[in-house]
Amino acid sequence: MIRIVVLGSTGSIGKSTLEVVRRHPGQFEIVGLSANRSADVLSSQVDEFHPEWAVIADSEHLPPASVQANARWEGGASAVVALARHPDADVVVNAVVGAAGLEPTLSALRAGKRLALANKESLVAGGNLVMQAASEGGGEIIPIDSEHSAILQCMEGTDRRSVRRIVLTASGGPFRGRSRSELANVTRGDALRHPTWAMGEKITVDSASLANKALEVIEAHVLYGLPYDAIDVVVHPQSIIHSFVEFVDGSVLAQLGFPTMELPILYALTYPERVADEALQTFDPVAAPSLTFEAVDHEAFPMFSLGVEAGRTGGTHPAVFNAANEVAVGAFVDGQIGFLEMAEVVEEVLGEVHRGNVEVVSDVIEADAVARNAATTIIERSVATGLASQREGYTGA
Ligand code: MG
């Protein structure tokens, strides 16, 4: 029996994880669940899976005492960190959204857990700290990201030194093929209409801007220790090939399948074993669409180059990129700024905040806070200017 803690169990990856667990009752047991605010959903998950421990990150959303009878309920970010080192857990699934996932990631790895990691932001923001926590605590990271799971599967059983290059695939998101000028007026609703993957709001916007692919390049660099020059990205709209690994002799392996996050989740839970799951759709090459590939359009999607460049710069810059992007995505979703302005905000923040070294967690937390403040100030100024020009336009008419 594999005992599992799911952090962020009410989000898209969290729910898919519970769906996988539901299908394998003799194999997995849930020992802890956490959510940010969705107490009602979390409570019904507790009723179904009977973990002993339930945590709400935002304590103001703790349910009433009558509901709390079904488990030991705790509130606050520190309770999430404590749950991540649950003494009974074999695997901790970190499906928290954003940089808030960093401390739970470190906590699980220091406690020697297997970390099934969907929260790529913690690897991006705290790269070397995360790898250090894993080696010191004896924990291991198995990615729940379709591309990185594909790479792991292709590398399985090979000498890592024989890998020459990896190629991450990108669906291209809902705006693939559009020029920069065609992206000026796209809305939140347009950005949330992803063609091949059903995911949470933040990652869906990140997929539309290609910020997600930049985060994934940094994630691959940290996880697999490859230099940035050995990590390429190709747009593959059908999302059938989840990534390629090229070896020194020129041979290339790829992992394929119809898009579903349940496969990378199951693989992360049972790695290196493979477990039968009849519910996962059988791959049929004849039924699959024709597979096509295109280069990334750097002009239309500047967020991609900004993120990869932040990765190359290293130090606190990946954390700054990530934090500025989170704030920009929030402002775009709230209708405060336009789609293209997200990259403008991030670029300005990266130009403004100096690059520091990452030696301790507080270096990351500080860089994150500075970047958030800088992004918020830029957005407030942009909103004020926008309102002013609207007023001027009105007067002029
Ligand atoms: Mg991915």
# chains A, B, ... in the order shown; residues from 1 in each chain; ligands from 1
>>> residues_around(residues="segment 102-117 of chain A", least_positions_apart="4", cutoff="7 Å", atoms="only C-alpha atoms", output="list of chain:residue names")
A:Val80, A:Val81, A:Ala84, A:Arg85, A:Asp90, A:Val91, A:Val92, A:Val93, A:Asn94, A:Ala95, A:Ser122, A:Gly126, A:Val130, A:Ala133, A:Ala134, A:Glu136, A:Gly137, A:Gly138, A:Gly139, A:Glu140, A:Ile141, A:Ile142, A:Pro143, A:Ile144, A:Ala268, A:Leu269
>>> closest_atom_pairs(of="segment 243-338 of chain A", to="segment 177-185 of chain A", cutoff="9 Å", atoms="only C-alpha atoms", output="tab-separated table")
residue	atom	partner	partner_atom	distance
A:Asp297	CA	A:Gly177	CA	8.2
A:Glu299	CA	A:Arg180	CA	6.6
A:Ala300	CA	A:Arg180	CA	4.1
A:Phe301	CA	A:Arg180	CA	7.4
A:Gly338	CA	A:Asn185	CA	6.9
>>> select_by_dssp(residues="segment 96-205 of chain A", states="strand (DSSP E or B)", output="number ranges by chain")
A: 114-117, 140-143, 163-170
>>> closest_atom_pairs(of="chain A", to="ligand 1", cutoff="7 Å", atoms="only C-alpha atoms and all ligand atoms", output="Markdown table")
| residue | atom | partner | partner_atom_place_in_ligand_line | distance |
| --- | --- | --- | --- | --- |
| A:Asp145 | CA | ligand 1 | 1 (Mg) | 4.5 |
| A:Ser146 | CA | ligand 1 | 1 (Mg) | 5.0 |
| A:Glu147 | CA | ligand 1 | 1 (Mg) | 5.3 |
| A:Glu216 | CA | ligand 1 | 1 (Mg) | 6.7 |
>>> atom_distance(atom1="atom CA of Gly76 of chain A", atom2="atom CA of Lys120 of chain A")
21.6 Å
>>> closest_residue(among="A:Leu152, A:Met261, A:Leu256, A:Val235", to="Trp197 of chain A", atoms="only C-alpha atoms")
A:Met261
>>> residues_around(residues="Ser16 of chain A", least_positions_apart="2", cutoff="8 Å", atoms="only C-alpha atoms", output="list in words")
Ser12, Ile13, Gly14, Leu18, Glu19, Val20, Met261, Glu262 and Ile265 of chain A
>>> residues_around(residues="Ala254 of chain A", least_positions_apart="4", cutoff="7 Å", atoms="only C-alpha atoms", output="list in words")
Cys154, Ile241, Ser243, Phe244 and Val245 of chain A
>>> residues_around(residues="Met1 of chain A", least_positions_apart="3", cutoff="8 Å", atoms="only C-alpha atoms", output="JSON, numbers by chain")
{"A": [26, 27, 28, 29]}
>>> atom_distance(atom1="atom CA of Glu52 of chain A", atom2="atom CA of Ser34 of chain A")
11.6 Å
>>> closest_residue(among="A:Val21, A:Ile231, A:Ala125, A:Ile378", to="Gln45 of chain A", atoms="only C-alpha atoms")
A:Val21
>>> residues_around(residues="Gly351 of chain A", least_positions_apart="2", cutoff="12 Å", atoms="only C-alpha atoms", output="PDB file with N, CA, C and O atoms, in the first residue's frame")
ATOM      1  N   LEU A 306      11.750  35.643 -22.435  1.00  0.00           N
ATOM      2  CA  LEU A 306      12.026  36.298 -21.146  1.00  0.00           C
ATOM      3  C   LEU A 306      12.297  35.262 -20.058  1.00  0.00           C
ATOM      4  O   LEU A 306      13.225  35.398 -19.266  1.00  0.00           O
ATOM      5  N   GLU A 309      15.606  33.296 -20.708  1.00  0.00           N
ATOM      6  CA  GLU A 309      16.734  34.183 -20.410  1.00  0.00           C
ATOM      7  C   GLU A 309      16.919  34.323 -18.893  1.00  0.00           C
ATOM      8  O   GLU A 309      18.043  34.326 -18.394  1.00  0.00           O
ATOM      9  N   ALA A 310      15.803  34.423 -18.159  1.00  0.00           N
ATOM     10  CA  ALA A 310      15.884  34.497 -16.690  1.00  0.00           C
ATOM     11  C   ALA A 310      16.517  33.214 -16.145  1.00  0.00           C
ATOM     12  O   ALA A 310      17.306  33.243 -15.200  1.00  0.00           O
ATOM     13  N   THR A 313      20.217  33.427 -16.792  1.00  0.00           N
ATOM     14  CA  THR A 313      20.842  34.397 -15.872  1.00  0.00           C
ATOM     15  C   THR A 313      21.033  33.752 -14.499  1.00  0.00           C
ATOM     16  O   THR A 313      22.030  33.978 -13.828  1.00  0.00           O
ATOM     17  N   HIS A 317      16.951  35.333 -10.497  1.00  0.00           N
ATOM     18  CA  HIS A 317      16.149  35.760 -11.656  1.00  0.00           C
ATOM     19  C   HIS A 317      14.997  34.823 -12.029  1.00  0.00           C
ATOM     20  O   HIS A 317      13.920  35.299 -12.382  1.00  0.00           O
ATOM     21  N   VAL A 320      12.258  35.705  -9.743  1.00  0.00           N
ATOM     22  CA  VAL A 320      11.705  37.020 -10.093  1.00  0.00           C
ATOM     23  C   VAL A 320      10.769  36.877 -11.300  1.00  0.00           C
ATOM     24  O   VAL A 320       9.651  37.409 -11.313  1.00  0.00           O
ATOM     25  N   PHE A 321      11.221  36.149 -12.295  1.00  0.00           N
ATOM     26  CA  PHE A 321      10.374  35.904 -13.474  1.00  0.00           C
ATOM     27  C   PHE A 321       9.057  35.253 -13.046  1.00  0.00           C
ATOM     28  O   PHE A 321       7.973  35.680 -13.436  1.00  0.00           O
ATOM     29  N   ALA A 324       6.799  37.731 -10.940  1.00  0.00           N
ATOM     30  CA  ALA A 324       6.246  38.799 -11.780  1.00  0.00           C
ATOM     31  C   ALA A 324       5.164  38.224 -12.697  1.00  0.00           C
ATOM     32  O   ALA A 324       4.110  38.838 -12.909  1.00  0.00           O
ATOM     33  N   GLU A 344       5.152  42.706 -20.907  1.00  0.00           N
ATOM     34  CA  GLU A 344       5.768  44.022 -20.664  1.00  0.00           C
ATOM     35  C   GLU A 344       6.047  44.211 -19.177  1.00  0.00           C
ATOM     36  O   GLU A 344       7.111  44.701 -18.788  1.00  0.00           O
ATOM     37  N   VAL A 345       5.079  43.797 -18.352  1.00  0.00           N
ATOM     38  CA  VAL A 345       5.250  43.904 -16.896  1.00  0.00           C
ATOM     39  C   VAL A 345       6.439  43.051 -16.458  1.00  0.00           C
ATOM     40  O   VAL A 345       7.330  43.512 -15.730  1.00  0.00           O
ATOM     41  N   VAL A 346       6.482  41.820 -16.924  1.00  0.00           N
ATOM     42  CA  VAL A 346       7.545  40.890 -16.508  1.00  0.00           C
ATOM     43  C   VAL A 346       8.917  41.401 -16.965  1.00  0.00           C
ATOM     44  O   VAL A 346       9.888  41.379 -16.211  1.00  0.00           O
ATOM     45  N   GLU A 347       8.971  41.919 -18.199  1.00  0.00           N
ATOM     46  CA  GLU A 347      10.245  42.422 -18.715  1.00  0.00           C
ATOM     47  C   GLU A 347      10.739  43.604 -17.884  1.00  0.00           C
ATOM     48  O   GLU A 347      11.919  43.698 -17.533  1.00  0.00           O
ATOM     49  N   GLU A 348       9.800  44.501 -17.532  1.00  0.00           N
ATOM     50  CA  GLU A 348      10.186  45.673 -16.739  1.00  0.00           C
ATOM     51  C   GLU A 348      10.693  45.247 -15.357  1.00  0.00           C
ATOM     52  O   GLU A 348      11.690  45.768 -14.865  1.00  0.00           O
ATOM     53  N   VAL A 349      10.007  44.282 -14.753  1.00  0.00           N
ATOM     54  CA  VAL A 349      10.424  43.813 -13.426  1.00  0.00           C
ATOM     55  C   VAL A 349      11.824  43.182 -13.515  1.00  0.00           C
ATOM     56  O   VAL A 349      12.696  43.461 -12.690  1.00  0.00           O
ATOM     57  N   VAL A 353      14.817  44.656 -11.080  1.00  0.00           N
ATOM     58  CA  VAL A 353      15.263  43.952  -9.876  1.00  0.00           C
ATOM     59  C   VAL A 353      16.641  43.358 -10.126  1.00  0.00           C
ATOM     60  O   VAL A 353      16.855  42.670 -11.120  1.00  0.00           O
ATOM     61  N   HIS A 354      17.593  43.632  -9.235  1.00  0.00           N
ATOM     62  CA  HIS A 354      18.944  43.112  -9.480  1.00  0.00           C
ATOM     63  C   HIS A 354      19.003  41.615  -9.146  1.00  0.00           C
ATOM     64  O   HIS A 354      18.264  41.114  -8.321  1.00  0.00           O
ATOM     65  N   ARG A 355      19.945  40.945  -9.832  1.00  0.00           N
ATOM     66  CA  ARG A 355      20.095  39.503  -9.651  1.00  0.00           C
ATOM     67  C   ARG A 355      20.892  39.222  -8.389  1.00  0.00           C
ATOM     68  O   ARG A 355      22.013  39.711  -8.231  1.00  0.00           O
ATOM     69  N   ALA A 371       9.849  41.220  -6.390  1.00  0.00           N
ATOM     70  CA  ALA A 371       9.311  41.138  -7.752  1.00  0.00           C
ATOM     71  C   ALA A 371       7.802  41.377  -7.764  1.00  0.00           C
ATOM     72  O   ALA A 371       7.270  42.051  -8.647  1.00  0.00           O
ATOM     73  N   ALA A 374       7.213  45.092  -7.277  1.00  0.00           N
ATOM     74  CA  ALA A 374       7.556  45.831  -8.491  1.00  0.00           C
ATOM     75  C   ALA A 374       6.481  45.628  -9.555  1.00  0.00           C
ATOM     76  O   ALA A 374       6.027  46.591 -10.189  1.00  0.00           O
ATOM     77  N   ALA A 375       6.016  44.391  -9.708  1.00  0.00           N
ATOM     78  CA  ALA A 375       4.983  44.108 -10.716  1.00  0.00           C
ATOM     79  C   ALA A 375       3.681  44.831 -10.374  1.00  0.00           C
ATOM     80  O   ALA A 375       3.030  45.408 -11.249  1.00  0.00           O
TER      81      ALA A 375
END
